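The data block below is my_file-v5.cif; it holds mmCIF, C-alpha atoms.
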data_my_file
#
loop_
_atom_site.label_atom_id
_atom_site.label_comp_id
_atom_site.auth_asym_id
_atom_site.auth_seq_id
_atom_site.Cartn_x
_atom_site.Cartn_y
_atom_site.Cartn_z
CA MET Q 1 -123.02 117.72 33.46
CA ASP Q 2 -125.63 117.94 36.22
CA LEU Q 3 -124.15 119.59 39.31
CA ASN Q 4 -125.79 116.92 41.50
CA ASP Q 5 -123.83 114.25 39.64
CA LEU Q 6 -120.38 115.81 39.85
CA ASN Q 7 -119.04 113.23 42.27
CA PHE Q 8 -119.53 110.03 40.35
CA LEU Q 9 -116.74 108.17 42.16
CA PRO Q 10 -118.39 105.20 43.91
CA GLU Q 11 -118.40 104.77 47.66
CA TRP Q 12 -115.94 102.33 49.22
CA ASP Q 13 -117.32 98.80 48.90
CA GLU Q 14 -116.06 96.78 51.85
CA SER Q 15 -117.29 93.53 50.32
CA ARG Q 16 -114.60 93.81 47.64
CA TYR Q 17 -111.83 93.63 50.22
CA LYS Q 18 -112.93 90.84 52.56
CA LEU Q 19 -110.24 88.31 53.26
CA GLY Q 20 -110.81 84.74 52.16
CA PRO Q 21 -110.52 81.75 54.50
CA ASP Q 22 -106.85 81.32 53.62
CA ASP Q 23 -106.15 84.98 54.44
CA ALA Q 24 -107.90 85.11 57.83
CA ALA Q 25 -104.60 84.64 59.64
CA GLU Q 26 -103.30 87.77 57.91
CA GLU Q 27 -106.12 90.02 59.18
CA TRP Q 28 -104.00 91.38 62.02
CA ARG Q 29 -101.39 92.55 59.49
CA LYS Q 30 -103.63 93.75 56.65
CA GLY Q 31 -106.49 95.19 58.69
CA PRO Q 32 -104.84 98.47 59.77
CA ALA Q 33 -103.60 99.22 56.24
CA ARG Q 34 -107.06 98.54 54.83
CA ALA Q 35 -108.70 100.79 57.44
CA ILE Q 36 -106.36 103.65 56.53
CA ALA Q 37 -106.92 102.99 52.82
CA LYS Q 38 -110.67 103.19 53.40
CA ALA Q 39 -110.34 106.55 55.18
CA MET Q 40 -107.97 107.75 52.46
CA TYR Q 41 -110.40 106.69 49.72
CA LYS Q 42 -113.23 108.49 51.50
CA GLN Q 43 -111.13 111.65 51.69
CA TRP Q 44 -110.21 111.25 48.03
CA ARG Q 45 -113.93 111.15 47.17
CA GLU Q 46 -114.26 114.58 48.79
CA VAL Q 47 -111.26 115.94 46.88
CA PHE Q 48 -112.54 114.28 43.70
CA GLY Q 49 -115.88 116.10 43.91
CA LEU Q 50 -114.16 119.44 44.51
CA VAL Q 51 -111.78 118.91 41.59
CA ILE Q 52 -114.55 117.85 39.21
CA ALA Q 53 -116.53 120.97 40.15
CA PHE Q 54 -113.40 123.08 39.59
CA ALA Q 55 -112.73 121.51 36.18
CA GLU Q 56 -116.35 121.81 35.08
CA ASN Q 57 -116.14 125.57 35.68
CA LEU Q 58 -113.24 125.95 33.26
CA ALA Q 59 -114.18 127.26 29.85
CA ASP Q 60 -114.83 124.50 27.37
CA ASP Q 61 -115.69 125.96 24.01
CA GLY Q 62 -115.37 122.63 22.23
CA GLU Q 63 -112.21 123.81 20.57
CA GLU Q 64 -108.59 123.01 21.34
CA SER Q 65 -108.25 125.94 23.73
CA HIS Q 66 -105.85 126.26 26.62
CA PRO Q 67 -108.60 126.07 29.29
CA ALA Q 68 -110.01 122.95 27.62
CA SER Q 69 -106.55 121.33 27.52
CA THR Q 70 -105.99 122.17 31.18
CA LYS Q 71 -109.39 120.72 32.04
CA ALA Q 72 -108.49 117.49 30.23
CA LEU Q 73 -105.20 117.22 32.12
CA ILE Q 74 -106.96 117.79 35.46
CA TYR Q 75 -109.44 115.03 34.59
CA GLU Q 76 -106.61 112.64 33.67
CA ASN Q 77 -104.91 113.19 37.01
CA VAL Q 78 -108.00 113.06 39.23
CA MET Q 79 -109.24 109.83 37.64
CA ILE Q 80 -106.04 107.86 38.36
CA VAL Q 81 -105.90 108.06 42.16
CA ALA Q 82 -108.87 105.89 43.24
CA PRO Q 83 -107.89 102.91 41.04
CA LYS Q 84 -104.34 103.13 42.35
CA ILE Q 85 -105.56 103.03 45.98
CA ILE Q 86 -107.73 100.01 45.20
CA GLY Q 87 -104.93 98.36 43.25
CA ALA Q 88 -102.41 98.80 46.04
CA ILE Q 89 -104.61 97.30 48.74
CA SER Q 90 -105.41 94.37 46.46
CA MET Q 91 -101.79 93.21 46.28
CA ASP Q 92 -99.12 92.09 48.68
CA LEU Q 93 -95.86 92.89 46.88
CA TYR Q 94 -94.08 95.91 48.36
CA VAL Q 95 -92.72 97.04 44.99
CA LEU Q 96 -96.18 97.12 43.42
CA LYS Q 97 -97.69 98.92 46.41
CA MET Q 98 -94.92 101.53 46.23
CA GLU Q 99 -95.38 101.88 42.48
CA ASN Q 100 -99.08 102.66 42.97
CA ALA Q 101 -98.25 105.07 45.80
CA ALA Q 102 -95.76 106.86 43.54
CA HIS Q 103 -98.44 107.19 40.84
CA ILE Q 104 -100.86 108.63 43.40
CA ARG Q 105 -98.32 111.21 44.56
CA ALA Q 106 -97.33 112.18 41.01
CA ASN Q 107 -100.92 112.55 39.84
CA CYS Q 108 -101.88 114.65 42.86
CA LYS Q 109 -98.91 116.94 42.29
CA GLN Q 110 -99.62 117.28 38.56
CA MET Q 111 -103.30 117.92 39.23
CA MET Q 112 -102.50 120.73 41.65
CA GLU Q 113 -100.01 122.21 39.17
CA GLN Q 114 -102.73 122.31 36.51
CA ILE Q 115 -105.22 123.79 38.97
CA GLY Q 116 -102.65 126.40 39.98
CA PHE Q 117 -102.01 127.19 36.32
CA ALA Q 118 -105.73 127.67 35.69
CA VAL Q 119 -105.86 130.15 38.58
CA LEU Q 120 -102.69 131.91 37.40
CA MET Q 121 -104.19 132.35 33.94
CA GLY Q 122 -107.39 133.80 35.43
CA TRP Q 123 -109.59 130.92 34.28
CA ALA Q 124 -110.56 129.86 37.80
CA ASP Q 125 -111.02 131.15 41.32
CA GLU Q 126 -108.17 130.92 43.83
CA ASP Q 127 -110.61 130.30 46.71
CA HIS Q 128 -111.77 127.09 45.02
CA LYS Q 129 -108.12 126.05 44.58
CA ASN Q 130 -107.50 126.69 48.29
CA VAL Q 131 -110.43 124.48 49.29
CA ILE Q 132 -109.03 121.69 47.11
CA GLU Q 133 -105.59 122.15 48.70
CA GLU Q 134 -107.12 121.81 52.19
CA GLY Q 135 -108.84 118.57 51.21
CA LEU Q 136 -105.67 117.31 49.56
CA GLN Q 137 -103.67 118.07 52.73
CA LYS Q 138 -106.02 115.80 54.72
CA PHE Q 139 -105.60 113.15 52.01
CA ARG Q 140 -101.80 113.53 52.15
CA GLU Q 141 -101.77 112.96 55.92
CA LEU Q 142 -103.72 109.71 55.48
CA PHE Q 143 -101.49 108.75 52.53
CA ARG Q 144 -98.38 109.08 54.70
CA GLN Q 145 -99.93 106.82 57.37
CA TRP Q 146 -100.97 104.31 54.71
CA VAL Q 147 -97.53 104.10 53.08
CA SER Q 148 -95.96 103.54 56.49
CA THR Q 149 -97.94 100.27 56.72
CA PHE Q 150 -96.24 98.82 53.62
CA GLN Q 151 -93.96 95.94 54.57
CA LYS Q 152 -90.82 95.28 52.56
CA ASP Q 153 -90.58 91.76 51.27
CA GLY Q 154 -87.95 89.60 49.59
CA TYR Q 155 -89.06 90.46 46.06
CA GLU Q 156 -86.31 92.24 44.16
CA ASP Q 157 -87.30 95.22 42.03
CA ASP Q 158 -85.67 94.45 38.68
CA TRP Q 159 -85.69 98.19 37.90
CA GLY Q 160 -83.90 98.99 41.16
CA LEU Q 161 -86.36 101.73 42.04
CA PHE Q 162 -88.04 100.58 45.27
CA LEU Q 163 -85.32 98.87 47.27
#
Whole structure given in structure tokens:
Amino acid sequence: MDLNDLNFLPEWDESRYKLGPDDAAEEWRKGPARAIAKAMYKQWREVFGLVIAFAENLADDGEESHPASTKALIYENVMIVAPKIIGAISMDLYVLKMENAAHIRANCKQMMEQIGFAVLMGWADEDHKNVIEEGLQKFRELFRQWVSTFQKDGYEDDWGLFL
């Protein structure tokens, strides 16, 4: 992989999230959440590039080795977050927004556990891990603001998870 192409996550495309004529009255309610989601996505792009660079530096001998397995797990986790952000801002149901937020949190935690394991095993540099953690902390602060904009609705979660 070319080092110049490590961050292949696309930029935020505002045209995808414009409200239609029927939704214009909802702009006052949805606008702040979308603005935070945009900032959060932008921060995720930074974290994404750092994580991809980290993973690309792990040994990958083409075999089923432990570093290669760890790299694959890191890739699985890092690739989930952006679609979950986009999915959550594209829907109105509280339960579905919370479900996407829970996936984001779980994948970030698992990703950092795998990164920490790679450092523990001596396959990667702790300084690189620390830079990722700093970027993730900024992302987490935006995430907390974003989740606070979710409005509960009358839809009942048939699994009883997000009440």
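With atom CA of Q:Leu163 on one side and atom CA of Q:Ala88 on the other, the separation reads 17.1 Å.
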>> Considering only C-alpha atoms, can you say which of Q:Asp157, Q:Glu56, Q:Glu133, Q:Glu11 comes closest to Q:Tyr41?
In response: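 When distances to Q:Tyr41 are compared using only C-alpha atoms, the smallest one comes from Q:Glu11.
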>> Taking all atoms listed in the file into account, name the residue in Q:Phe150, Q:Glu126, Q:Ala72, Q:Gly135 that is nearest to Q:Glu99.
In response: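 Ranked by minimum distance to Q:Glu99, first place goes to Q:Phe150.
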> Care to translate the PyMOL selection byres ((chain Q and resi 55) around 9) into actual residues of this file, as a list of chain:residue names?
Replying inline: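 In the shown coordinates, the PyMOL selection byres ((chain Q and resi 55) around 9) covers Q:Leu50, Q:Val51, Q:Ile52, Q:Ala53, Q:Phe54, Q:Glu56, Q:Asn57, Q:Leu58, Q:Ala59, Q:Thr70, Q:Lys71, Q:Ala72, Q:Ile74, Q:Tyr75, Q:Ile115, Q:Ala124.
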> Pick the closest to Q:Ala82 from Q:Phe117, Q:Phe143, Q:Phe48, Q:Tyr155: which is it, counting only C-alpha atoms?
Replying inline: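 Using only C-alpha atoms, the shortest distance to Q:Ala82 belongs to Q:Phe48.
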> By how many Å are atom CA of Q:Asp13 and atom CA of Q:Asn77 apart?
Replying inline: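 Distance between the two atoms: 22.4 Å.
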>> Report, in Å with one decimal, the straight-line distance from atom CA of Q:Gln151 to atom CA of Q:Ile86.
In response: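 Taking atom CA of Q:Gln151 as the start and atom CA of Q:Ile86 as the end point, the length is 17.1 Å.
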>> Which residue is closest to Q:Lys109? Choose from Q:Lys84, Q:Trp146, Q:Lys97, Q:Gln137 and count all atoms listed in the file.
In response: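 Residue with the minimum atom-to-atom distance to Q:Lys109: Q:Gln137.
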>> Evaluated on this file, the PyMOL selection byres ((chain Q and resi 92) around 10) picks out some residues - which ones are they, written as a PyMOL selection string?
In response: chain Q and resi 30+88-91+93-97+150-153
> Between Q:Glu76, Q:Glu113, Q:Glu46, Q:Asp158, which has the minimum distance to Q:Leu136 (counting all atoms listed in the file)?
Replying inline: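 Between Q:Glu76, Q:Glu113, Q:Glu46, Q:Asp158, the residue approaching Q:Leu136 most closely is Q:Glu46.
When only C-alpha atoms are used to compute distances to Q:Asn100, the closest of the residues Q:Met121, Q:Ile36, Q:Leu73, Q:Val147 turns out to be Q:Val147.
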